[in-house]
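A short write-up of the structure that comes next.
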Amino acid sequence: MLPSTTERLLLGNTDIAISPLGIGTWAWGDKWMWGYGKSHTDADIRAAFDAALAAGINFFDTAEVYGLGRSERLLGQLIRESGQSVVVASKFMPFPFWLTRHALCRELRGSLKRLGMTQVDLYQMHFPLPPVPIETWMDAMADAVEARLVRAVGVSNYNQAQMERAHRALARRGIRLASNQVFYSLLHRDPEFNGVAQLCKDLNVTLIAYSPLEKGILTGKYTPDNPPPGMRKRIYNREYLQKTQPLLEIMHDIGEAHGGKTAAQVALNWLICKGAVPIPGAKNQRQVVSNIGALGWRLTDDEVAILDELSLAVRKS
Ligand SMILES: NC(=O)c1ccc[n+]([C@@H]2O[C@H](COP(=O)([O-])OP(=O)(O)OC[C@H]3O[C@@H](n4cnc5c(N)ncnc54)[C@H](OP(=O)(O)O)[C@@H]3O)[C@@H](O)[C@H]2O)c1
């Protein structure tokens, strides 16, 4: 029987109920990093989406820049055809040449058009880029909430101080910051050490973990002799892949002790144990089904401690 979940968490202080694991859709339309059209096609993406819904996953993350809008278009089409209600998170990229707050509403309307929706559940600032101050963007977000174009406001790649500013600016408009989406995996543990994870707990802001499989490295399928393709080969070179092997071996052993869980499932479960909502990217049905196997069981405290210790030696940040 395929794994599935009925579990739901509330996104931040909102009444938006999400599955404890979402699906990242950067690869749905992106050729540059993810080889869309070569490693996976629209048929693979459709099968991935259907498998996620069938397994009870209701949370999908996209962005206006993914595949230059193709990810939003594909996701919107699949949702419409499914007839089901899902929670959609998208993102606004505050390019430095967008100099006024009006850019946010204009780009948001573009996202809604591509998604074929009148409202997006979660709208996130993609990066804290200058020159427009965080407070100005948060005012634009608040306007979008008041116009009922957005249900909840999130940020992404915001550090502790930036998150505090966003939280305060939204609070002035009577809105709670719902989420911060940051790079978080066994090999990227910054949120634990830079105050972001703690602030998320303190403010009841959902910490959404992106690249939770370290772009495929934590699945264990890439080794020094079988490096990842394309751009990823530059980020994860042979020496680094060599260094990660002892951690991957322990992840494999821990997974075995849980009835044959994979390294990827252990990596995602570790994030869930840390209180995060991972959004692994998936190119096909097999990857979705595999990643859902991270749900319905839990690493022990001792296993989390072992992974914490071993990962410190190889973490990239
Ligand atoms: N806010 C931001 O700035 C930001 C940045 C990055 C990502 N994100 C979001 O986070 C999502 C996830 O991050 P990500 O896509 O960068 O990395 P990821 O989730 O760590 O890795 C995804 C990749 O790993 C491989 N994979 C996934 N599941 C697998 C499985 N079970 N078995 C074997 N291989 C598997 C696939 O690539 P291959 O098959 O090609 O190896 C897949 O595309 C994105 O889709 C996006 O929504 C946000």
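Identifiers for the structure tokens are assigned positionally: chains receive A, B, ... in sequence, residues are indexed from 1 per chain, and ligands are indexed from 1 in the order shown.
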Where does chain A meet ligand 1 within 7 Å, residue by residue, with the nearest atom pair and distance in Å to one decimal for each, counting only C-alpha atoms and all ligand atoms, listed by chain and rising number, as JSON lines?
{"residue": "A:Ile23", "atom": "CA", "partner": "ligand 1", "partner_atom_place_in_ligand_line": "11 (C)", "distance": 6.9}
{"residue": "A:Gly24", "atom": "CA", "partner": "ligand 1", "partner_atom_place_in_ligand_line": "45 (O)", "distance": 3.2}
{"residue": "A:Thr25", "atom": "CA", "partner": "ligand 1", "partner_atom_place_in_ligand_line": "45 (O)", "distance": 4.1}
{"residue": "A:Trp26", "atom": "CA", "partner": "ligand 1", "partner_atom_place_in_ligand_line": "45 (O)", "distance": 3.8}
{"residue": "A:Ala27", "atom": "CA", "partner": "ligand 1", "partner_atom_place_in_ligand_line": "43 (O)", "distance": 5.9}
{"residue": "A:Trp34", "atom": "CA", "partner": "ligand 1", "partner_atom_place_in_ligand_line": "40 (O)", "distance": 6.1}
{"residue": "A:Ser39", "atom": "CA", "partner": "ligand 1", "partner_atom_place_in_ligand_line": "40 (O)", "distance": 7.0}
{"residue": "A:Asp61", "atom": "CA", "partner": "ligand 1", "partner_atom_place_in_ligand_line": "47 (O)", "distance": 4.7}
{"residue": "A:Thr62", "atom": "CA", "partner": "ligand 1", "partner_atom_place_in_ligand_line": "47 (O)", "distance": 5.2}
{"residue": "A:His126", "atom": "CA", "partner": "ligand 1", "partner_atom_place_in_ligand_line": "1 (N)", "distance": 5.5}
{"residue": "A:Phe127", "atom": "CA", "partner": "ligand 1", "partner_atom_place_in_ligand_line": "3 (O)", "distance": 6.7}
{"residue": "A:Ser156", "atom": "CA", "partner": "ligand 1", "partner_atom_place_in_ligand_line": "1 (N)", "distance": 5.2}
{"residue": "A:Asn157", "atom": "CA", "partner": "ligand 1", "partner_atom_place_in_ligand_line": "3 (O)", "distance": 6.2}
{"residue": "A:Gln181", "atom": "CA", "partner": "ligand 1", "partner_atom_place_in_ligand_line": "1 (N)", "distance": 5.7}
{"residue": "A:Val182", "atom": "CA", "partner": "ligand 1", "partner_atom_place_in_ligand_line": "1 (N)", "distance": 6.2}
{"residue": "A:Phe183", "atom": "CA", "partner": "ligand 1", "partner_atom_place_in_ligand_line": "5 (C)", "distance": 6.7}
{"residue": "A:Tyr210", "atom": "CA", "partner": "ligand 1", "partner_atom_place_in_ligand_line": "10 (O)", "distance": 3.8}
{"residue": "A:Ser211", "atom": "CA", "partner": "ligand 1", "partner_atom_place_in_ligand_line": "20 (O)", "distance": 3.2}
{"residue": "A:Pro212", "atom": "CA", "partner": "ligand 1", "partner_atom_place_in_ligand_line": "20 (O)", "distance": 4.3}
{"residue": "A:Leu213", "atom": "CA", "partner": "ligand 1", "partner_atom_place_in_ligand_line": "20 (O)", "distance": 3.3}
{"residue": "A:Glu214", "atom": "CA", "partner": "ligand 1", "partner_atom_place_in_ligand_line": "20 (O)", "distance": 4.0}
{"residue": "A:Lys215", "atom": "CA", "partner": "ligand 1", "partner_atom_place_in_ligand_line": "21 (O)", "distance": 3.4}
{"residue": "A:Gly216", "atom": "CA", "partner": "ligand 1", "partner_atom_place_in_ligand_line": "24 (O)", "distance": 3.5}
{"residue": "A:Thr219", "atom": "CA", "partner": "ligand 1", "partner_atom_place_in_ligand_line": "33 (C)", "distance": 5.4}
{"residue": "A:Lys221", "atom": "CA", "partner": "ligand 1", "partner_atom_place_in_ligand_line": "33 (C)", "distance": 6.8}
{"residue": "A:Pro228", "atom": "CA", "partner": "ligand 1", "partner_atom_place_in_ligand_line": "41 (O)", "distance": 6.6}
{"residue": "A:Ala264", "atom": "CA", "partner": "ligand 1", "partner_atom_place_in_ligand_line": "31 (N)", "distance": 6.0}
{"residue": "A:Ile279", "atom": "CA", "partner": "ligand 1", "partner_atom_place_in_ligand_line": "11 (C)", "distance": 5.3}
{"residue": "A:Pro280", "atom": "CA", "partner": "ligand 1", "partner_atom_place_in_ligand_line": "19 (O)", "distance": 3.3}
{"residue": "A:Gly281", "atom": "CA", "partner": "ligand 1", "partner_atom_place_in_ligand_line": "19 (O)", "distance": 3.8}
{"residue": "A:Ala282", "atom": "CA", "partner": "ligand 1", "partner_atom_place_in_ligand_line": "42 (C)", "distance": 4.7}
{"residue": "A:Lys283", "atom": "CA", "partner": "ligand 1", "partner_atom_place_in_ligand_line": "43 (O)", "distance": 5.3}
{"residue": "A:Arg286", "atom": "CA", "partner": "ligand 1", "partner_atom_place_in_ligand_line": "31 (N)", "distance": 6.9}
{"residue": "A:Gln287", "atom": "CA", "partner": "ligand 1", "partner_atom_place_in_ligand_line": "31 (N)", "distance": 3.9}
{"residue": "A:Val288", "atom": "CA", "partner": "ligand 1", "partner_atom_place_in_ligand_line": "31 (N)", "distance": 6.4}
{"residue": "A:Ser290", "atom": "CA", "partner": "ligand 1", "partner_atom_place_in_ligand_line": "31 (N)", "distance": 4.7}
{"residue": "A:Asn291", "atom": "CA", "partner": "ligand 1", "partner_atom_place_in_ligand_line": "31 (N)", "distance": 5.0}
Prev. selection, C-alpha atoms, output as an mmCIF file, in the first residue's frame:
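result38.cif was written with the following content:
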data_model
loop_
_atom_site.group_PDB
_atom_site.id
_atom_site.type_symbol
_atom_site.label_atom_id
_atom_site.label_comp_id
_atom_site.auth_asym_id
_atom_site.auth_seq_id
_atom_site.Cartn_x
_atom_site.Cartn_y
_atom_site.Cartn_z
ATOM 1 C CA ILE A 23 5.944 19.687 -2.663
ATOM 2 C CA GLY A 24 8.425 22.138 -4.174
ATOM 3 C CA THR A 25 7.792 22.915 -7.841
ATOM 4 C CA TRP A 26 10.929 24.775 -8.932
ATOM 5 C CA ALA A 27 11.767 21.909 -11.305
ATOM 6 C CA TRP A 34 16.693 21.064 -13.216
ATOM 7 C CA SER A 39 15.034 14.607 -17.110
ATOM 8 C CA ASP A 61 5.285 25.828 -3.292
ATOM 9 C CA THR A 62 5.940 27.793 -6.473
ATOM 10 C CA HIS A 126 11.425 35.585 -2.288
ATOM 11 C CA PHE A 127 14.540 37.410 -1.019
ATOM 12 C CA SER A 156 11.895 33.735 2.435
ATOM 13 C CA ASN A 157 15.645 33.889 3.010
ATOM 14 C CA GLN A 181 11.068 29.774 3.981
ATOM 15 C CA VAL A 182 14.791 29.133 4.327
ATOM 16 C CA PHE A 183 17.496 26.738 3.166
ATOM 17 C CA TYR A 210 13.635 24.475 1.182
ATOM 18 C CA SER A 211 16.159 22.212 -0.560
ATOM 19 C CA PRO A 212 15.580 19.718 2.282
ATOM 20 C CA LEU A 213 17.315 16.964 0.295
ATOM 21 C CA GLU A 214 20.242 19.266 -0.440
ATOM 22 C CA LYS A 215 19.199 19.233 -4.114
ATOM 23 C CA GLY A 216 19.300 15.436 -4.237
ATOM 24 C CA THR A 219 19.145 10.844 -1.230
ATOM 25 C CA LYS A 221 22.244 8.563 -5.162
ATOM 26 C CA PRO A 228 24.845 15.260 -9.910
ATOM 27 C CA ALA A 264 15.963 10.791 1.773
ATOM 28 C CA ILE A 279 9.059 21.008 0.721
ATOM 29 C CA PRO A 280 11.171 18.521 -1.276
ATOM 30 C CA GLY A 281 11.200 19.090 -5.006
ATOM 31 C CA ALA A 282 9.938 16.149 -7.038
ATOM 32 C CA LYS A 283 10.229 15.521 -10.751
ATOM 33 C CA ARG A 286 8.442 7.843 -7.847
ATOM 34 C CA GLN A 287 10.119 10.735 -6.037
ATOM 35 C CA VAL A 288 6.827 11.972 -4.568
ATOM 36 C CA SER A 290 9.353 8.039 -1.860
ATOM 37 C CA ASN A 291 9.323 11.410 -0.075
#
Excluding Trp270 of chain A and residues on its chain fewer than 4 positions from it, collect all residues at most 7 Å away from it, counting only C-alpha atoms, and give them as a ChimeraX atom specification.
/A:266,274,299,304
With N, CA and C atoms retained, export the selected residues as a PDB file, in the first residue's frame.
ATOM      1  N   VAL A 266      14.900   9.706   5.830  1.00  0.00           N
ATOM      2  CA  VAL A 266      15.524  10.068   7.111  1.00  0.00           C
ATOM      3  C   VAL A 266      15.815  11.580   7.118  1.00  0.00           C
ATOM      4  N   LYS A 274      12.630  18.549  13.841  1.00  0.00           N
ATOM      5  CA  LYS A 274      13.107  19.883  14.241  1.00  0.00           C
ATOM      6  C   LYS A 274      11.983  20.921  14.207  1.00  0.00           C
ATOM      7  N   LEU A 299      11.974   9.613  13.949  1.00  0.00           N
ATOM      8  CA  LEU A 299      13.312   9.283  14.474  1.00  0.00           C
ATOM      9  C   LEU A 299      13.268   9.418  15.993  1.00  0.00           C
ATOM     10  N   VAL A 304      18.217  11.558  16.327  1.00  0.00           N
ATOM     11  CA  VAL A 304      18.343  12.971  15.940  1.00  0.00           C
ATOM     12  C   VAL A 304      19.683  13.510  16.447  1.00  0.00           C
TER      13      VAL A 304
END
Would you please give, as a list in words, all residues of segment 117-290 of chain A that DSSP assigns to strand (DSSP E) based on the backbone?
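Result set for segment 117-290 of chain A (strand (DSSP E)): Val120, Asp121, Leu122, Tyr123, Gln124, Met125, Val150, Arg151, Ala152, Val153, Gly154, Val155, Ser156, Leu177, Ala178, Ser179, Asn180, Gln181, Val182, Phe183, Thr206, Leu207, Ile208, Ala209, Tyr210, Val277 and Pro278 of chain A.
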Restricting the output to N, CA and C atoms, write the selected residues as a compact mmCIF listing (two decimals), in the first residue's frame.
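What follows is the written file out34.txt:
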# COMPACT_ATOMS: atom_id res chain seq x y z
N VAL A 120 -4.21 33.81 -3.70
CA VAL A 120 -3.19 32.81 -3.39
C VAL A 120 -3.14 32.64 -1.87
N ASP A 121 -2.95 31.41 -1.41
CA ASP A 121 -3.03 31.15 0.04
C ASP A 121 -1.88 31.80 0.80
N LEU A 122 -0.68 31.64 0.27
CA LEU A 122 0.50 32.21 0.94
C LEU A 122 1.32 32.94 -0.11
N TYR A 123 1.60 34.22 0.13
CA TYR A 123 2.45 34.98 -0.80
C TYR A 123 3.70 35.38 -0.04
N GLN A 124 4.86 35.02 -0.61
CA GLN A 124 6.11 35.20 0.12
C GLN A 124 7.03 36.16 -0.62
N MET A 125 7.78 36.96 0.14
CA MET A 125 8.87 37.74 -0.43
C MET A 125 9.99 36.72 -0.71
N VAL A 150 -4.57 37.76 -1.34
CA VAL A 150 -3.62 36.90 -0.60
C VAL A 150 -4.27 36.54 0.73
N ARG A 151 -4.14 35.27 1.14
CA ARG A 151 -4.69 34.89 2.46
C ARG A 151 -3.67 35.09 3.58
N ALA A 152 -2.40 34.76 3.33
CA ALA A 152 -1.39 34.87 4.38
C ALA A 152 -0.08 35.35 3.77
N VAL A 153 0.72 36.03 4.60
CA VAL A 153 1.97 36.63 4.13
C VAL A 153 3.16 35.88 4.72
N GLY A 154 4.12 35.56 3.84
CA GLY A 154 5.34 34.91 4.29
C GLY A 154 6.56 35.61 3.74
N VAL A 155 7.73 35.25 4.28
CA VAL A 155 8.98 35.75 3.74
C VAL A 155 9.87 34.55 3.43
N SER A 156 10.97 34.82 2.76
CA SER A 156 11.90 33.73 2.44
C SER A 156 13.31 34.29 2.43
N LEU A 177 2.78 37.62 10.55
CA LEU A 177 3.68 36.95 9.60
C LEU A 177 3.45 35.43 9.73
N ALA A 178 3.19 34.75 8.61
CA ALA A 178 2.82 33.33 8.69
C ALA A 178 4.01 32.39 8.58
N SER A 179 5.03 32.76 7.77
CA SER A 179 6.09 31.77 7.52
C SER A 179 7.40 32.43 7.09
N ASN A 180 8.48 31.70 7.30
CA ASN A 180 9.77 32.07 6.72
C ASN A 180 10.31 30.82 6.05
N GLN A 181 10.57 30.92 4.75
CA GLN A 181 11.07 29.77 3.98
C GLN A 181 12.57 29.93 3.79
N VAL A 182 13.33 29.00 4.36
CA VAL A 182 14.79 29.13 4.33
C VAL A 182 15.45 27.80 3.94
N PHE A 183 16.70 27.92 3.50
CA PHE A 183 17.50 26.74 3.17
C PHE A 183 17.77 25.99 4.47
N THR A 206 5.62 29.58 10.81
CA THR A 206 6.02 28.27 10.27
C THR A 206 7.36 28.37 9.55
N LEU A 207 8.28 27.48 9.93
CA LEU A 207 9.57 27.45 9.25
C LEU A 207 9.46 26.44 8.10
N ILE A 208 9.49 26.94 6.89
CA ILE A 208 9.40 26.07 5.71
C ILE A 208 10.83 25.80 5.24
N ALA A 209 11.18 24.51 5.15
CA ALA A 209 12.55 24.14 4.81
C ALA A 209 12.67 23.87 3.31
N TYR A 210 13.44 24.74 2.62
CA TYR A 210 13.63 24.47 1.18
C TYR A 210 14.94 23.73 0.95
N VAL A 277 8.64 22.41 8.17
CA VAL A 277 7.81 21.79 7.13
C VAL A 277 8.68 21.71 5.86
N PRO A 278 9.19 20.51 5.55
CA PRO A 278 10.02 20.40 4.35
C PRO A 278 9.19 20.41 3.07
Among segment 68-163 of chain A, which ones does DSSP place in alpha helix (DSSP H), written as a ChimeraX atom specification?
/A:70-82,102-115,134-146,160-163
Mind checking which residues fall within 9 Å of Leu68 of chain A, counting only C-alpha atoms, ignoring those fewer than 5 positions away in the same chain, and posting them as a CSV table (one decimal) with C-alpha atoms, in the first residue's frame?
chain,number,residue,atom,x,y,z
A,29,GLY,CA,9.4,24.1,-16.0
A,30,ASP,CA,13.0,25.0,-15.1
A,63,ALA,CA,7.3,31.2,-7.5
Near Leu115 of chain A, counting only C-alpha atoms, which residues have an atom at most 9 Å away, once you skip same-chain residues fewer than 5 positions from it, shown as an MDAnalysis selection string?
chainID A and resid 71:77 79 110 120
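Minimum atom-to-atom distances from A:Thr136, A:Ser90, A:Thr300, A:Gln198 to Asn159 of chain A were compared using only C-alpha atoms, and the lowest value belongs to A:Gln198.
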Interatomic distance between atom CA of Leu149 of chain A and atom CA of Leu11 of chain A?
17.5 Å
